[in-house]
$ cat data14.pdb   # PDB, C-alpha atoms and all ligand atoms
ATOM      1  CA  GLN L   1       8.051 -32.476 -35.662
ATOM      2  CA  ALA L   2       8.285 -32.871 -31.961
ATOM      3  CA  LYS L   3      11.850 -31.644 -32.150
ATOM      4  CA  GLU L   4      10.790 -28.600 -34.105
ATOM      5  CA  LYS L   5       8.055 -27.813 -31.638
ATOM      6  CA  GLY L   6      10.513 -28.245 -28.818
ATOM      7  CA  LYS L   7      12.960 -25.935 -30.514
ATOM      8  CA  ASN L   8      10.311 -23.299 -31.044
ATOM      9  CA  SER L   9       9.183 -23.337 -27.497
ATOM     10  CA  VAL L  10      12.776 -23.026 -26.319
ATOM     11  CA  CYS L  11      13.170 -20.009 -28.611
ATOM     12  CA  PHE L  12       9.998 -18.453 -27.309
ATOM     13  CA  TYR L  13      11.083 -19.084 -23.734
ATOM     14  CA  THR L  14      14.495 -17.524 -24.330
ATOM     15  CA  SER L  15      13.151 -14.400 -25.990
ATOM     16  CA  ASP L  16      10.611 -14.038 -23.217
ATOM     17  CA  ILE L  17      13.419 -14.083 -20.679
ATOM     18  CA  ASN L  18      15.422 -11.622 -22.766
ATOM     19  CA  GLU L  19      12.507  -9.258 -22.985
ATOM     20  CA  ARG L  20      11.951  -9.431 -19.293
ATOM     21  CA  LEU L  21      15.611  -8.834 -18.622
ATOM     22  CA  ILE L  22      15.632  -5.804 -20.898
ATOM     23  CA  ARG L  23      12.513  -4.442 -19.240
ATOM     24  CA  TYR L  24      14.046  -5.083 -15.832
ATOM     25  CA  GLN L  25      17.167  -3.145 -16.811
ATOM     26  CA  GLU L  26      15.075  -0.336 -18.288
ATOM     27  CA  VAL L  27      12.962   0.013 -15.183
ATOM     28  CA  THR L  28      16.056  -0.143 -12.953
ATOM     29  CA  ALA L  29      17.600   2.696 -14.967
ATOM     30  CA  ILE L  30      14.390   4.744 -14.752
ATOM     31  CA  LEU L  31      14.286   4.246 -10.987
ATOM     32  CA  GLN L  32      17.934   5.190 -10.593
ATOM     33  CA  ARG L  33      17.387   8.310 -12.641
ATOM     34  CA  ALA L  34      14.237   9.164 -10.648
ATOM     35  CA  ILE L  35      16.224   8.906  -7.414
ATOM     36  CA  VAL L  36      19.078  11.066  -8.708
ATOM     37  CA  THR L  37      16.809  13.719 -10.209
ATOM     38  CA  ASP L  38      14.442  13.560  -7.229
ATOM     39  CA  SER L  39      11.467  12.966  -9.501
ATOM     40  CA  LEU L  40       9.631  10.308  -7.533
ATOM     41  CA  GLN L  41       6.284  11.525  -6.291
ATOM     42  CA  LEU L  42       3.792  10.538  -3.618
ATOM     43  CA  TYR L  43       0.110  10.542  -4.442
ATOM     44  CA  PHE L  44      -2.475  10.405  -1.680
ATOM     45  CA  GLN L  45      -5.744   8.498  -1.636
ATOM     46  CA  PRO L  46      -8.270   9.498   1.044
ATOM     47  CA  GLN L  47      -9.762   6.812   3.246
ATOM     48  CA  VAL L  48     -13.357   7.369   4.348
ATOM     49  CA  ASP L  49     -14.407   6.455   7.867
ATOM     50  CA  LEU L  50     -17.779   4.819   7.252
ATOM     51  CA  ARG L  51     -18.857   5.328  10.850
ATOM     52  CA  ASN L  52     -18.851   9.122  10.660
ATOM     53  CA  GLY L  53     -18.445   9.898   6.965
ATOM     54  CA  ARG L  54     -15.172  11.712   7.532
ATOM     55  CA  ILE L  55     -11.741  11.260   6.070
ATOM     56  CA  GLY L  56      -9.331  10.411   8.848
ATOM     57  CA  ALA L  57      -6.462   8.938   6.884
ATOM     58  CA  CYS L  58      -4.984   8.675   3.436
ATOM     59  CA  GLU L  59      -2.689   6.190   1.765
ATOM     60  CA  ALA L  60       0.555   7.414   0.223
ATOM     61  CA  LEU L  61       1.122   5.722  -3.134
ATOM     62  CA  LEU L  62       4.406   6.069  -4.935
ATOM     63  CA  ARG L  63       4.553   7.319  -8.511
ATOM     64  CA  CYS L  64       7.501   7.082 -10.871
ATOM     65  CA  PHE L  65       7.635   8.798 -14.256
ATOM     66  CA  ASP L  66       9.990   7.999 -17.109
ATOM     67  CA  GLU L  67      11.769  10.658 -19.189
ATOM     68  CA  ARG L  68       8.647  11.150 -21.322
ATOM     69  CA  SER L  69       6.642  11.770 -18.122
ATOM     70  CA  GLN L  70       4.792   8.493 -18.568
ATOM     71  CA  ALA L  71       3.810   6.962 -15.245
ATOM     72  CA  ILE L  72       5.087   3.460 -14.576
ATOM     73  CA  SER L  73       2.887   1.367 -12.333
ATOM     74  CA  PRO L  74       4.200   0.556  -8.862
ATOM     75  CA  ALA L  75       3.021  -2.983  -9.576
ATOM     76  CA  VAL L  76       5.883  -2.994 -12.125
ATOM     77  CA  PHE L  77       8.566  -0.918 -10.446
ATOM     78  CA  ILE L  78       8.235  -2.063  -6.818
ATOM     79  CA  PRO L  79       9.212  -5.682  -7.640
ATOM     80  CA  VAL L  80      12.137  -4.335  -9.699
ATOM     81  CA  ALA L  81      13.168  -2.085  -6.813
ATOM     82  CA  GLU L  82      13.029  -5.045  -4.456
ATOM     83  CA  LYS L  83      15.100  -7.236  -6.738
ATOM     84  CA  SER L  84      17.711  -4.601  -7.537
ATOM     85  CA  GLY L  85      18.109  -3.498  -3.932
ATOM     86  CA  LEU L  86      16.920   0.031  -4.751
ATOM     87  CA  ILE L  87      13.930  -0.516  -2.461
ATOM     88  CA  ASN L  88      15.891   0.668   0.567
ATOM     89  CA  ARG L  89      16.679   4.068  -0.916
ATOM     90  CA  ILE L  90      13.211   4.364  -2.371
ATOM     91  CA  GLY L  91      11.584   3.262   0.873
ATOM     92  CA  GLU L  92      13.701   5.795   2.707
ATOM     93  CA  TRP L  93      12.547   8.489   0.293
ATOM     94  CA  VAL L  94       8.910   7.500   0.951
ATOM     95  CA  ILE L  95       9.355   7.760   4.740
ATOM     96  CA  GLN L  96      10.972  11.198   4.429
ATOM     97  CA  SER L  97       8.434  12.495   1.941
ATOM     98  CA  ALA L  98       5.444  11.320   3.954
ATOM     99  CA  CYS L  99       6.838  13.072   7.037
ATOM    100  CA  LYS L 100       7.608  16.202   5.031
ATOM    101  CA  GLN L 101       4.016  16.239   3.768
ATOM    102  CA  LEU L 102       2.562  15.683   7.229
ATOM    103  CA  LYS L 103       4.612  18.592   8.472
ATOM    104  CA  ALA L 104       3.459  20.815   5.603
ATOM    105  CA  TRP L 105      -0.165  20.029   6.516
ATOM    106  CA  GLN L 106       0.292  21.064  10.146
ATOM    107  CA  GLY L 107      -1.722  24.174  10.907
ATOM    108  CA  THR L 108      -4.056  23.540   7.950
ATOM    109  CA  ALA L 109      -7.431  21.777   7.695
ATOM    110  CA  LEU L 110      -5.511  18.587   6.916
ATOM    111  CA  GLU L 111      -3.469  18.446  10.079
ATOM    112  CA  ALA L 112      -5.479  15.615  11.649
ATOM    113  CA  LEU L 113      -5.026  13.389   8.614
ATOM    114  CA  ARG L 114      -2.979  10.232   9.193
ATOM    115  CA  VAL L 115      -0.712   9.204   6.330
ATOM    116  CA  ASP L 116      -0.228   5.471   5.706
ATOM    117  CA  ILE L 117       2.824   4.417   3.729
ATOM    118  CA  ASN L 118       3.386   1.039   2.093
ATOM    119  CA  LEU L 119       6.397  -0.904   3.303
ATOM    120  CA  SER L 120       8.082  -3.716   1.484
ATOM    121  CA  GLY L 121       8.993  -6.759   3.560
ATOM    122  CA  LYS L 122      12.544  -6.254   2.285
ATOM    123  CA  GLN L 123      12.741  -2.993   4.237
ATOM    124  CA  LEU L 124      11.961  -4.817   7.482
ATOM    125  CA  ILE L 125      15.151  -6.834   7.063
ATOM    126  CA  ASN L 126      16.966  -3.659   8.043
ATOM    127  CA  GLN L 127      17.074  -3.997  11.819
ATOM    128  CA  HIS L 128      17.020  -0.242  12.287
ATOM    129  CA  LEU L 129      13.903   0.445  10.250
ATOM    130  CA  ALA L 130      11.565   0.976  13.211
ATOM    131  CA  ASP L 131      14.060   3.239  14.981
ATOM    132  CA  HIS L 132      14.645   5.106  11.787
ATOM    133  CA  ILE L 133      10.933   5.725  11.203
ATOM    134  CA  LEU L 134      10.430   6.914  14.782
ATOM    135  CA  GLN L 135      13.504   9.141  14.572
ATOM    136  CA  THR L 136      12.300  10.675  11.305
ATOM    137  CA  LEU L 137       8.889  11.418  12.828
ATOM    138  CA  HIS L 138      10.651  13.045  15.751
ATOM    139  CA  ASP L 139      12.925  15.095  13.491
ATOM    140  CA  TYR L 140       9.897  16.531  11.712
ATOM    141  CA  GLY L 141       8.175  17.327  15.015
ATOM    142  CA  LEU L 142       5.439  14.742  14.412
ATOM    143  CA  THR L 143       3.841  12.175  16.705
ATOM    144  CA  PRO L 144       3.907   8.461  15.790
ATOM    145  CA  GLY L 145       0.100   8.385  15.624
ATOM    146  CA  GLN L 146       0.227  10.585  12.529
ATOM    147  CA  LEU L 147       1.824   7.797  10.523
ATOM    148  CA  GLY L 148       0.690   4.334   9.502
ATOM    149  CA  VAL L 149       2.450   1.525   7.695
ATOM    150  CA  GLU L 150       0.930  -1.108   5.423
ATOM    151  CA  LEU L 151       2.473  -4.501   4.775
ATOM    152  CA  THR L 152       0.998  -7.393   2.853
ATOM    153  CA  GLU L 153       0.037 -10.553   4.635
ATOM    154  CA  ASN L 154       2.931 -12.653   3.401
ATOM    155  CA  GLU L 155       5.464  -9.991   4.320
ATOM    156  CA  VAL L 156       4.230  -9.946   7.892
ATOM    157  CA  PHE L 157       3.441 -13.607   8.315
ATOM    158  CA  GLY L 158       6.590 -14.760   6.568
ATOM    159  CA  GLY L 159       8.713 -12.522   8.766
ATOM    160  CA  ASP L 160      10.988 -13.824  11.480
ATOM    161  CA  GLU L 161      10.855 -12.767  15.111
ATOM    162  CA  ALA L 162      13.188  -9.808  14.617
ATOM    163  CA  GLN L 163      10.945  -8.364  11.912
ATOM    164  CA  ILE L 164       7.856  -8.798  14.032
ATOM    165  CA  ARG L 165       9.591  -7.118  16.955
ATOM    166  CA  GLN L 166      10.173  -4.085  14.772
ATOM    167  CA  LEU L 167       6.483  -3.895  14.000
ATOM    168  CA  GLU L 168       5.760  -4.286  17.703
ATOM    169  CA  ARG L 169       8.041  -1.378  18.443
ATOM    170  CA  LEU L 170       6.289   0.795  15.891
ATOM    171  CA  LYS L 171       2.859  -0.172  17.173
ATOM    172  CA  GLN L 172       3.807   0.444  20.789
ATOM    173  CA  ALA L 173       5.042   3.885  19.840
ATOM    174  CA  GLY L 174       1.651   4.597  18.270
ATOM    175  CA  VAL L 175       2.250   3.993  14.555
ATOM    176  CA  HIS L 176      -0.834   2.492  12.902
ATOM    177  CA  ILE L 177      -0.155  -0.921  11.358
ATOM    178  CA  SER L 178      -2.291  -2.372   8.584
ATOM    179  CA  ILE L 179      -2.167  -5.683   6.810
ATOM    180  CA  ASP L 180      -2.652  -4.927   3.138
ATOM    181  CA  ASP L 181      -4.418  -7.073   0.526
ATOM    182  CA  PHE L 182      -5.791  -9.242   3.313
ATOM    183  CA  GLY L 183      -7.292 -12.568   2.266
ATOM    184  CA  THR L 184      -4.982 -13.259  -0.667
ATOM    185  CA  GLY L 185      -1.929 -14.549   1.176
ATOM    186  CA  HIS L 186      -1.482 -17.578   3.321
ATOM    187  CA  SER L 187      -2.208 -16.332   6.783
ATOM    188  CA  SER L 188      -3.567 -18.141   9.727
ATOM    189  CA  LEU L 189      -6.244 -16.390  11.689
ATOM    190  CA  VAL L 190      -4.833 -17.837  14.883
ATOM    191  CA  TYR L 191      -1.479 -16.250  14.177
ATOM    192  CA  LEU L 192      -3.171 -12.926  13.479
ATOM    193  CA  ARG L 193      -3.962 -12.637  17.171
ATOM    194  CA  LYS L 194      -0.279 -12.555  18.039
ATOM    195  CA  LEU L 195       0.678  -9.920  15.518
ATOM    196  CA  PRO L 196       1.032  -6.221  16.234
ATOM    197  CA  VAL L 197      -1.705  -5.077  13.888
ATOM    198  CA  SER L 198      -4.307  -2.288  14.012
ATOM    199  CA  SER L 199      -6.206  -2.761  10.743
ATOM    200  CA  LEU L 200      -6.952  -5.365   8.116
ATOM    201  CA  LYS L 201      -7.380  -4.104   4.577
ATOM    202  CA  ILE L 202      -9.534  -6.553   2.648
ATOM    203  CA  ASP L 203      -8.138  -7.163  -0.811
ATOM    204  CA  MET L 204     -10.263  -5.473  -3.439
ATOM    205  CA  SER L 205     -10.719  -8.648  -5.475
ATOM    206  CA  PHE L 206     -13.287  -9.872  -2.922
ATOM    207  CA  LEU L 207     -15.369  -6.726  -3.139
ATOM    208  CA  HIS L 208     -15.209  -6.705  -6.926
ATOM    209  CA  HIS L 209     -16.901 -10.107  -7.034
ATOM    210  CA  ALA L 210     -19.003  -9.967  -3.881
ATOM    211  CA  LEU L 211     -22.174  -8.765  -5.587
ATOM    212  CA  GLU L 212     -22.258 -11.759  -7.958
ATOM    213  CA  ASN L 213     -20.343 -14.377  -6.068
ATOM    214  CA  GLU L 214     -21.576 -15.684  -2.750
ATOM    215  CA  SER L 215     -18.287 -17.148  -1.647
ATOM    216  CA  ASP L 216     -16.486 -13.812  -2.091
ATOM    217  CA  LEU L 217     -19.213 -12.185  -0.051
ATOM    218  CA  ALA L 218     -18.874 -14.896   2.595
ATOM    219  CA  ILE L 219     -15.110 -14.339   2.789
ATOM    220  CA  MET L 220     -15.623 -10.614   3.303
ATOM    221  CA  GLN L 221     -18.151 -11.280   6.050
ATOM    222  CA  ALA L 222     -15.785 -13.724   7.724
ATOM    223  CA  ILE L 223     -12.847 -11.295   7.632
ATOM    224  CA  ILE L 224     -14.992  -8.532   9.118
ATOM    225  CA  THR L 225     -16.324 -10.796  11.870
ATOM    226  CA  VAL L 226     -12.925 -12.179  12.821
ATOM    227  CA  GLY L 227     -11.265  -8.766  12.516
ATOM    228  CA  HIS L 228     -13.802  -7.157  14.808
ATOM    229  CA  SER L 229     -13.688  -9.956  17.341
ATOM    230  CA  LEU L 230      -9.917  -9.479  17.541
ATOM    231  CA  GLY L 231     -10.456  -5.772  18.109
ATOM    232  CA  LEU L 232      -9.137  -4.743  14.702
ATOM    233  CA  ASN L 233     -10.330  -2.100  12.273
ATOM    234  CA  VAL L 234     -11.499  -3.497   8.987
ATOM    235  CA  VAL L 235     -10.860  -1.426   5.882
ATOM    236  CA  VAL L 236     -12.068  -2.274   2.423
ATOM    237  CA  GLU L 237     -10.214  -1.246  -0.709
ATOM    238  CA  GLY L 238     -11.442  -0.713  -4.234
ATOM    239  CA  VAL L 239     -14.929   0.775  -3.750
ATOM    240  CA  GLU L 240     -15.882   1.893  -7.254
ATOM    241  CA  THR L 241     -19.695   1.946  -7.388
ATOM    242  CA  PRO L 242     -22.578   3.147  -5.165
ATOM    243  CA  GLU L 243     -23.727  -0.494  -4.909
ATOM    244  CA  GLN L 244     -20.345  -1.514  -3.507
ATOM    245  CA  ASP L 245     -20.444   1.451  -1.128
ATOM    246  CA  GLU L 246     -23.834   0.332   0.147
ATOM    247  CA  LEU L 247     -22.608  -3.231   0.517
ATOM    248  CA  VAL L 248     -19.514  -2.337   2.547
ATOM    249  CA  LYS L 249     -21.600  -0.107   4.808
ATOM    250  CA  ASN L 250     -24.123  -2.902   5.356
ATOM    251  CA  LEU L 251     -21.343  -5.374   6.064
ATOM    252  CA  GLY L 252     -20.042  -3.113   8.812
ATOM    253  CA  CYS L 253     -16.620  -2.228   7.398
ATOM    254  CA  ASP L 254     -15.026   0.563   9.388
ATOM    255  CA  GLN L 255     -13.223   2.411   6.621
ATOM    256  CA  ALA L 256     -13.252   2.365   2.859
ATOM    257  CA  GLN L 257     -11.047   3.502   0.033
ATOM    258  CA  GLY L 258     -11.764   3.575  -3.658
ATOM    259  CA  TYR L 259     -12.222   5.473  -6.878
ATOM    260  CA  LEU L 260     -15.856   6.202  -5.915
ATOM    261  CA  TYR L 261     -14.650   8.558  -3.177
ATOM    262  CA  ALA L 262     -11.321   9.633  -4.637
ATOM    263  CA  ARG L 263      -8.486   8.495  -6.848
ATOM    264  CA  PRO L 264      -4.951   8.873  -5.580
ATOM    265  CA  MET L 265      -3.952  12.524  -6.169
ATOM    266  CA  PRO L 266      -0.937  14.799  -5.786
ATOM    267  CA  ALA L 267      -0.636  16.472  -2.383
ATOM    268  CA  ASP L 268      -1.574  19.904  -3.725
ATOM    269  CA  GLN L 269      -5.029  18.626  -4.747
ATOM    270  CA  MET L 270      -5.821  17.282  -1.299
ATOM    271  CA  PRO L 271      -6.933  20.529   0.418
ATOM    272  CA  ALA L 272      -9.589  21.285  -2.231
ATOM    273  CA  PHE L 273     -10.760  17.692  -2.230
ATOM    274  CA  MET L 274     -11.092  17.627   1.544
ATOM    275  CA  ALA L 275     -12.960  20.938   1.611
ATOM    276  CA  GLY L 276     -15.412  19.702  -1.032
ATOM    277  CA  PHE L 277     -15.842  16.315   0.605
ATOM    278  CA  ASP L 278     -16.766  17.781   3.989
ATOM    279  CA  SER L 279     -19.435  20.041   2.549
ATOM    280  CA  ASP L 280     -20.953  17.133   0.582
ATOM    281  CA  ASN L 281     -21.445  15.138   3.716
TER     282      ASN L 281
HETATM  283  P1  LIG I   1      -1.879  -1.310  -2.459
HETATM  284  O1  LIG I   1      -1.071  -0.824  -1.328
HETATM  285  O2  LIG I   1      -2.811  -2.417  -2.190
HETATM  286  O3  LIG I   1      -2.634  -0.028  -3.012
HETATM  287  C1  LIG I   1      -3.920  -0.033  -3.558
HETATM  288  C2  LIG I   1      -3.871   0.085  -5.060
HETATM  289  O4  LIG I   1      -5.200   0.083  -5.568
HETATM  290  C3  LIG I   1      -3.253   1.389  -5.562
HETATM  291  O5  LIG I   1      -2.617   1.086  -6.801
HETATM  292  C4  LIG I   1      -4.486   2.254  -5.787
HETATM  293  O6  LIG I   1      -4.264   3.300  -6.725
HETATM  294  C5  LIG I   1      -5.450   1.242  -6.326
HETATM  295  N1  LIG I   1      -6.855   1.603  -6.108
HETATM  296  C6  LIG I   1      -7.368   2.420  -5.176
HETATM  297  N2  LIG I   1      -8.708   2.484  -5.276
HETATM  298  C7  LIG I   1      -9.052   1.675  -6.294
HETATM  299  C8  LIG I   1     -10.316   1.319  -6.892
HETATM  300  O7  LIG I   1     -11.376   1.768  -6.506
HETATM  301  N3  LIG I   1     -10.261   0.441  -7.932
HETATM  302  C9  LIG I   1      -9.097  -0.081  -8.398
HETATM  303  N4  LIG I   1      -9.158  -0.928  -9.420
HETATM  304  N5  LIG I   1      -7.894   0.235  -7.862
HETATM  305  C10 LIG I   1      -7.888   1.105  -6.817
HETATM  306  P2  LIG I   1      -1.177   1.632  -7.155
HETATM  307  O8  LIG I   1      -1.051   3.037  -6.670
HETATM  308  O9  LIG I   1      -0.968   1.338  -8.589
HETATM  309  O10 LIG I   1      -0.223   0.739  -6.279
HETATM  310  C11 LIG I   1      -0.095  -0.648  -6.490
HETATM  311  C12 LIG I   1       0.680  -1.306  -5.397
HETATM  312  O11 LIG I   1       2.054  -0.865  -5.409
HETATM  313  C13 LIG I   1       0.204  -0.978  -3.998
HETATM  314  O12 LIG I   1      -0.924  -1.771  -3.682
HETATM  315  C14 LIG I   1       1.420  -1.317  -3.176
HETATM  316  O13 LIG I   1       1.489  -2.699  -2.946
HETATM  317  C15 LIG I   1       2.546  -0.917  -4.110
HETATM  318  N6  LIG I   1       3.075   0.404  -3.696
HETATM  319  C16 LIG I   1       2.619   1.650  -4.009
HETATM  320  N7  LIG I   1       3.368   2.604  -3.417
HETATM  321  C17 LIG I   1       4.326   1.939  -2.706
HETATM  322  C18 LIG I   1       5.418   2.364  -1.853
HETATM  323  O14 LIG I   1       5.636   3.556  -1.587
HETATM  324  N8  LIG I   1       6.200   1.370  -1.322
HETATM  325  C19 LIG I   1       5.955   0.046  -1.552
HETATM  326  N9  LIG I   1       6.788  -0.858  -0.992
HETATM  327  N10 LIG I   1       4.936  -0.380  -2.325
HETATM  328  C20 LIG I   1       4.147   0.543  -2.888
HETATM  329 MG    MG I   2      -1.414  -0.325   0.545
HETATM  330 MG    MG I   3      -4.021  -3.206  -1.018
HETATM  331 MG    MG I   4      -0.945  -4.370  -2.964
END
$ encode --input "data14.pdb" --output "structure tokens"
Amino acid sequence: QAKEKGKNSVCFYTSDINERLIRYQEVTAILQRAIVTDSLQLYFQPQVDLRNGRIGACEALLRCFDERSQAISPAVFIPVAEKSGLINRIGEWVIQSACKQLKAWQGTALEALRVDINLSGKQLINQHLADHILQTLHDYGLTPGQLGVELTENEVFGGDEAQIRQLERLKQAGVHISIDDFGTGHSSLVYLRKLPVSSLKIDMSFLHHALENESDLAIMQAIITVGHSLGLNVVVEGVETPEQDELVKNLGCDQAQGYLYARPMPADQMPAFMAGFDSDN
């Protein structure tokens, strides 16, 4: 019986691996096709400045659609892109597209909006990344302050000196640097002081439990206190309800993002959203 059980679990394990491999190959093919047919898309999610009620920045979030126009989640395709090495071409596309969009918004009501892109730690391995980003900004006639980059904690903290120097170079030039999903990785607050960072983005899991769970609330308070005492902006992600909005305002977060204010949207919906948002406030 034990043997049979063992056999079954081996079978299950194998088919699980097979399924994952097939899915991996499928997603890789979809990504390759999306690159070739230029059908990747950036969506933009406004970020509200809680101190003045205005929208000063937005996050660029990548969208990939399969041949039936079904969206695949970046939570699925980004890890595949990283594993397959496609992340460099995709990351490059994101940098270009964000700059193109910033340029298109020049001379409109959206020209003061900063665009924050997500970077994968894998992209930082390329020693020329910082130069490349600054060069691209220059080519589009933009200033570095119009762009921000977001990296998760582990990608920044796990990085070697050369990677951190690249971030330093970006920050010195004026690019806004945020640590994404803050609180979920293994970071040391002491180390945070040495890093070239402008903002901490508190992972949304804390906010989603903060109203029922005291320790999640305490963690949020601690991040805000430490962030502020280090001179950093503290952003909170995932605001979905008016109660959460009230909480993050009371806690003294500087900026907030979430479905309550706006879902990520295609660039062409941004002007109408911004016009409506300003008149509401
Ligand atoms: P992230 O950078 O932490 O982005 C925040 C995610 O939370 C986005 O998911 C956003 O749509 C979602 N979100 C925003 N507000 C709310 C809310 O109120 N409630 C909830 N439940 N979710 C909210 P998305 O767009 O699916 O992206 C997932 C992750 O994929 C991102 O997490 C980021 O790590 C990665 N990603 C997205 N675009 C790129 C990219 O261009 N490059 C890289 N390297 N990674 C990317
Ligand atoms: Mg992000
Ligand atoms: Mg995040
Ligand atoms: Mg994330």
$ closest_residue --input "data14.pdb" --among "L:Pro242, L:Gly56, L:Gly91, L:Pro74" --to "Leu110 in chain L" --atoms "all atoms listed in the file"
L:Gly56
$ residues_near_ligand --input "data14.pdb" --ligand "ligand LIG 1 (chain I)" --cutoff "9 Å" --atoms "only C-alpha atoms and all ligand atoms" --output "ChimeraX atom specification"
/L:42-45,59-63,72-79,81-82,87,90-91,93-95,117-123,150-152,180-181,201,203-205,208,237-241,257-264
$ atom_distance --input "data14.pdb" --atom1 "CA of Arg51 in chain L" --atom2 "CA of Gln255 in chain L"
7.6 Å
$ resolve_selection --input "data14.pdb" --expression "the PyMOL selection byres (((chain L and resi 252) around 10) and not hetatm)" --output "JSON, numbers by chain"
{"L": [50, 51, 221, 224, 225, 228, 234, 235, 247, 248, 249, 250, 251, 253, 254, 255]}
$ closest_residue --input "data14.pdb" --among "L:Leu211, L:Phe182, L:Tyr191, L:Ala222" --to "ligand MG 4 (chain I)" --atoms "only C-alpha atoms and all ligand atoms"
L:Phe182
$ closest_residue --input "data14.pdb" --among "L:Ser84, L:Gln96, L:Asn126, L:Asn18" --to "Gln41 in chain L" --atoms "all atoms listed in the file"
L:Gln96
$ residues_near_point --input "data14.pdb" --point "(5.8, 2.9, 12.8)" --cutoff "8 Å" --atoms "all atoms listed in the file" --output "JSON, numbers by chain"
{"L": [130, 133, 134, 144, 147, 148, 149, 167, 169, 170, 171, 173, 174, 175, 176, 177]}
$ residues_around --input "data14.pdb" --residues "Val190 in chain L" --least-positions-apart "2" --cutoff "12 Å" --atoms "all atoms listed in the file" --output "JSON, numbers by chain"
{"L": [157, 187, 188, 192, 193, 194, 195, 226, 227, 230]}
$ closest_residue --input "data14.pdb" --among "L:Thr143, L:Gln47, L:Gln244, L:Gln25" --to "Leu207 in chain L" --atoms "only C-alpha atoms"
L:Gln244
$ atom_distance --input "data14.pdb" --atom1 "CA of Ser215 in chain L" --atom2 "CA of Asp245 in chain L"
18.7 Å
$ residues_around --input "data14.pdb" --residues "Gln101 in chain L" --least-positions-apart "5" --cutoff "9 Å" --atoms "all atoms listed in the file" --output "list in words"
Gln96, Gln106, Val115 and Ala267 of chain L
$ resolve_selection --input "data14.pdb" --expression "the PyMOL selection byres (((chain L and resi 39) around 10) and not hetatm)" --output "NGL selection string"
:L and (31 or 33-38 or 40-42 or 63-67 or 69)
$ residues_around --input "data14.pdb" --residues "Leu113 in chain L" --least-positions-apart "6" --cutoff "8 Å" --atoms "only C-alpha atoms" --output "list in words"
Ile55, Gly56, Ala57, Cys58 and Gln146 of chain L
$ atom_distance --input "data14.pdb" --atom1 "CA of Asn154 in chain L" --atom2 "CA of Val197 in chain L"
13.7 Å
$ closest_residue --input "data14.pdb" --among "L:Ile223, L:Ile179, L:Ala162, L:Ala272" --to "ligand MG 3 (chain I)" --atoms "all atoms listed in the file"
L:Ile179
$ closest_residue --input "data14.pdb" --among "L:Ile17, L:Leu137, L:Val236, L:Leu129" --to "ligand MG 2 (chain I)" --atoms "all atoms listed in the file"
L:Val236
$ axis_aligned_box --input "data14.pdb" --around "range 248-255 of chain L" --padding-each-side "4 Å" --output "lines of an AutoDock Vina configuration file"
center_x = -18.7
center_y = -1.5
center_z = 6.0
size_x = 18.9
size_y = 15.8
size_z = 14.8
$ residues_around --input "data14.pdb" --residues "Ile164 in chain L" --least-positions-apart "5" --cutoff "8 Å" --atoms "all atoms listed in the file" --output "list of chain:residue names"
L:Val156, L:Gly159, L:Leu195, L:Pro196
